[in-house]
Amino acid sequence: MDQRSKPSRSRRNERSIGRRTADTSPLQTVRDDERSHIARELHDDLGQLLATLRVDLNLLERQPALPQAAATQVHSMDQLLLSAITSLRRIASNLRPRALDDGSLYFALQAMCLDFARRNPLRCELDVVESELGFSDHFSTAVFRIVQESLTNVARHAKARRVRVAVRRHGASLRIVVEDDGVGLTDEDLRKPHSLGLIGMRERVQGLSGDMSVRGQGGTRITIVLPLPSA
């Protein structure tokens, strides 16, 4: 058998998901705008209603004539309400981080990495420089979502102990690298991007005329190179 015709494992375990002619940017913009709208509705309307309800419960709990059984029930309701408010804030933040509304991709990435480490039994390392991340809202949102989807993929599939995220400028490009020390990806995994959450990242990268490659040997390494938007 001619060994030269058989690709190496390292080459077989790396796939390039690069530029396509289909421009998904308008669709992603619509999705991001809708996410922002839903996040504001959750925070401003539902969040305010829940906060007002909790104030009323606290006032009821302080009534001196309230029976002990009722007071215990009210306290339990207050704790459930507090949990609901916390979940609401988390969901709204996932839809649209407040830091992005303030124009800070740097702080949004920091907050995401810290939250990811709190919710998952692994260490999240972040390599970013604030002065390199001053972009338009559309570009910043796309970068944030790419990193977010990458970390979600790590949490669901990698079985890793450590993940490293780097978002750095290199000349006229932005280079995003997300790598973990988990189980890696097989050839079959890489042929099924839908099942591993890679399709969302691929669509965003295509919409920004970028390149994306995935290496699945010895952990997983996702490398994305995006051309910087014109000033």
# chains A, B, ... in the order shown; residues from 1 in each chain; ligands from 1

$ select_by_dssp --residues "stretch 73-131 of chain A" --states "strand (DSSP E)" --output "PyMOL selection string"
chain A and resi 123-128

$ write_last_selection --atoms "N, CA, C and O atoms" --output "compact mmCIF listing (two decimals), in the first residue's frame"
# COMPACT_ATOMS: atom_id res chain seq x y z
N ARG A 123 -10.41 25.54 34.56
CA ARG A 123 -9.79 26.86 34.61
C ARG A 123 -9.88 27.52 33.24
O ARG A 123 -9.62 26.90 32.21
N CYS A 124 -10.27 28.78 33.23
CA CYS A 124 -10.39 29.54 31.99
C CYS A 124 -9.34 30.65 31.99
O CYS A 124 -9.36 31.53 32.85
N GLU A 125 -8.42 30.58 31.02
CA GLU A 125 -7.37 31.59 30.89
C GLU A 125 -7.69 32.50 29.71
O GLU A 125 -8.05 32.02 28.65
N LEU A 126 -7.53 33.81 29.93
CA LEU A 126 -7.91 34.78 28.91
C LEU A 126 -6.72 35.66 28.55
O LEU A 126 -6.09 36.25 29.42
N ASP A 127 -6.42 35.74 27.27
CA ASP A 127 -5.32 36.56 26.76
C ASP A 127 -5.92 37.65 25.86
O ASP A 127 -6.21 37.40 24.68
N VAL A 128 -6.13 38.82 26.42
CA VAL A 128 -6.68 39.95 25.68
C VAL A 128 -5.99 41.23 26.14
O VAL A 128 -5.47 41.31 27.24

$ select_by_dssp --residues "stretch 41-124 of chain A" --states "alpha helix (DSSP H)" --output "PyMOL selection string"
chain A and resi 41+47-61+68-95+98-101+105-119

$ closest_residue --among "A:Ile146, A:Leu50, A:Val163, A:Leu60" --to "A:Ile199" --atoms "only C-alpha atoms"
A:Ile146

$ residues_around --residues "A:Arg119" --least-positions-apart "4" --cutoff "12 Å" --atoms "only C-alpha atoms" --output "list of chain:residue names"
A:Arg90, A:Met112, A:Cys113, A:Leu114, A:Asp115, A:Arg123, A:Cys124, A:Leu151, A:Thr152, A:Ala155

$ residues_around --residues "A:His157" --least-positions-apart "2" --cutoff "9 Å" --atoms "only C-alpha atoms" --output "PDB file with N, CA, C and O atoms, in the first residue's frame"
ATOM      1  N   THR A 152     -19.038  27.213  25.156  1.00  0.00           N
ATOM      2  CA  THR A 152     -20.176  26.311  25.339  1.00  0.00           C
ATOM      3  C   THR A 152     -19.837  24.926  24.802  1.00  0.00           C
ATOM      4  O   THR A 152     -20.160  23.897  25.414  1.00  0.00           O
ATOM      5  N   ASN A 153     -19.156  24.895  23.674  1.00  0.00           N
ATOM      6  CA  ASN A 153     -18.739  23.627  23.085  1.00  0.00           C
ATOM      7  C   ASN A 153     -17.766  22.886  23.995  1.00  0.00           C
ATOM      8  O   ASN A 153     -17.852  21.667  24.169  1.00  0.00           O
ATOM      9  N   VAL A 154     -16.840  23.621  24.606  1.00  0.00           N
ATOM     10  CA  VAL A 154     -15.883  23.018  25.538  1.00  0.00           C
ATOM     11  C   VAL A 154     -16.616  22.413  26.728  1.00  0.00           C
ATOM     12  O   VAL A 154     -16.344  21.273  27.142  1.00  0.00           O
ATOM     13  N   ALA A 155     -17.542  23.168  27.302  1.00  0.00           N
ATOM     14  CA  ALA A 155     -18.262  22.695  28.487  1.00  0.00           C
ATOM     15  C   ALA A 155     -19.081  21.439  28.191  1.00  0.00           C
ATOM     16  O   ALA A 155     -19.190  20.541  29.031  1.00  0.00           O
ATOM     17  N   LYS A 159     -14.647  17.619  28.101  1.00  0.00           N
ATOM     18  CA  LYS A 159     -14.161  16.956  29.317  1.00  0.00           C
ATOM     19  C   LYS A 159     -12.766  17.477  29.668  1.00  0.00           C
ATOM     20  O   LYS A 159     -11.855  16.706  29.988  1.00  0.00           O
ATOM     21  N   ALA A 160     -12.631  18.781  29.614  1.00  0.00           N
ATOM     22  CA  ALA A 160     -11.324  19.408  29.804  1.00  0.00           C
ATOM     23  C   ALA A 160     -11.144  19.884  31.246  1.00  0.00           C
ATOM     24  O   ALA A 160     -12.107  20.025  32.010  1.00  0.00           O
ATOM     25  N   GLY A 182      -8.898  18.775  26.549  1.00  0.00           N
ATOM     26  CA  GLY A 182      -9.868  17.704  26.685  1.00  0.00           C
ATOM     27  C   GLY A 182      -9.640  16.532  25.754  1.00  0.00           C
ATOM     28  O   GLY A 182      -8.518  16.277  25.304  1.00  0.00           O
ATOM     29  N   VAL A 183     -10.724  15.844  25.427  1.00  0.00           N
ATOM     30  CA  VAL A 183     -10.629  14.587  24.686  1.00  0.00           C
ATOM     31  C   VAL A 183     -10.360  14.796  23.204  1.00  0.00           C
ATOM     32  O   VAL A 183     -10.002  13.845  22.499  1.00  0.00           O
ATOM     33  N   GLY A 184     -10.520  16.009  22.713  1.00  0.00           N
ATOM     34  CA  GLY A 184     -10.281  16.263  21.301  1.00  0.00           C
ATOM     35  C   GLY A 184     -11.457  15.831  20.446  1.00  0.00           C
ATOM     36  O   GLY A 184     -12.471  15.325  20.931  1.00  0.00           O
ATOM     37  N   LEU A 196     -21.836  19.601  17.246  1.00  0.00           N
ATOM     38  CA  LEU A 196     -20.847  20.127  18.170  1.00  0.00           C
ATOM     39  C   LEU A 196     -20.905  21.645  18.298  1.00  0.00           C
ATOM     40  O   LEU A 196     -20.015  22.263  18.848  1.00  0.00           O
TER      41      LEU A 196
END

$ closest_residue --among "A:Asp44, A:Glu149, A:Asp137, A:Glu132" --to "A:Glu203" --atoms "only C-alpha atoms"
A:Glu149

$ residues_around --residues "A:Val167" --least-positions-apart "5" --cutoff "10 Å" --atoms "only C-alpha atoms" --output "ChimeraX atom specification"
/A:106,109,126-129,132-133,143-144,147,174-178,224-225

$ write_last_selection --atoms "N, CA and C atoms" --output "compact mmCIF listing (two decimals), in the first residue's frame"
# COMPACT_ATOMS: atom_id res chain seq x y z
N TYR A 106 -13.70 44.09 25.73
CA TYR A 106 -12.69 43.63 26.69
C TYR A 106 -13.34 43.17 28.00
N LEU A 109 -15.67 40.06 27.59
CA LEU A 109 -14.93 38.79 27.53
C LEU A 109 -14.41 38.39 28.90
N LEU A 126 -7.53 33.81 29.93
CA LEU A 126 -7.91 34.78 28.91
C LEU A 126 -6.72 35.66 28.55
N ASP A 127 -6.42 35.74 27.27
CA ASP A 127 -5.32 36.56 26.76
C ASP A 127 -5.92 37.65 25.86
N VAL A 128 -6.13 38.82 26.42
CA VAL A 128 -6.68 39.95 25.68
C VAL A 128 -5.99 41.23 26.14
N VAL A 129 -5.99 42.22 25.26
CA VAL A 129 -5.44 43.54 25.58
C VAL A 129 -6.53 44.57 25.27
N GLU A 132 -6.59 46.77 22.14
CA GLU A 132 -6.71 46.11 20.84
C GLU A 132 -8.16 45.81 20.45
N LEU A 133 -9.10 46.06 21.37
CA LEU A 133 -10.45 45.57 21.15
C LEU A 133 -11.49 46.67 21.01
N VAL A 143 -17.59 38.81 17.61
CA VAL A 143 -16.43 38.21 18.30
C VAL A 143 -16.87 37.60 19.62
N PHE A 144 -17.70 38.32 20.36
CA PHE A 144 -18.19 37.81 21.65
C PHE A 144 -18.94 36.51 21.45
N VAL A 147 -16.62 33.49 20.69
CA VAL A 147 -15.96 32.98 21.90
C VAL A 147 -16.97 32.27 22.80
N LEU A 174 -7.75 40.04 13.18
CA LEU A 174 -7.97 39.66 14.57
C LEU A 174 -7.91 38.14 14.63
N ARG A 175 -7.08 37.63 15.51
CA ARG A 175 -6.88 36.19 15.64
C ARG A 175 -7.52 35.71 16.94
N ILE A 176 -8.44 34.79 16.82
CA ILE A 176 -9.13 34.20 17.98
C ILE A 176 -8.72 32.74 18.08
N VAL A 177 -8.19 32.37 19.24
CA VAL A 177 -7.79 30.98 19.46
C VAL A 177 -8.44 30.49 20.75
N VAL A 178 -9.15 29.38 20.66
CA VAL A 178 -9.74 28.74 21.84
C VAL A 178 -9.24 27.31 21.86
N ILE A 224 -9.44 31.13 14.54
CA ILE A 224 -10.26 31.97 13.66
C ILE A 224 -9.47 33.22 13.35
N VAL A 225 -9.41 33.58 12.09
CA VAL A 225 -8.74 34.80 11.67
C VAL A 225 -9.78 35.67 10.94

$ closest_residue --among "A:Ala71, A:Leu53, A:Ala65, A:Leu228" --to "A:Gly134" --atoms "only C-alpha atoms"
A:Leu228

$ closest_residue --among "A:Leu80, A:Ile85, A:Leu95, A:Gln73" --to "A:Thr52" --atoms "only C-alpha atoms"
A:Ile85

$ residues_around --residues "A:Leu122" --least-positions-apart "3" --cutoff "7 Å" --atoms "only C-alpha atoms" --output "ChimeraX atom specification"
/A:117,160-162

$ residues_around --residues "A:Thr86" --least-positions-apart "6" --cutoff "12 Å" --atoms "only C-alpha atoms" --output "list of chain:residue names"
A:Leu42, A:His43, A:Gly47, A:Leu50, A:Ala51, A:Gln79, A:Leu80, A:Ala92, A:Ser93
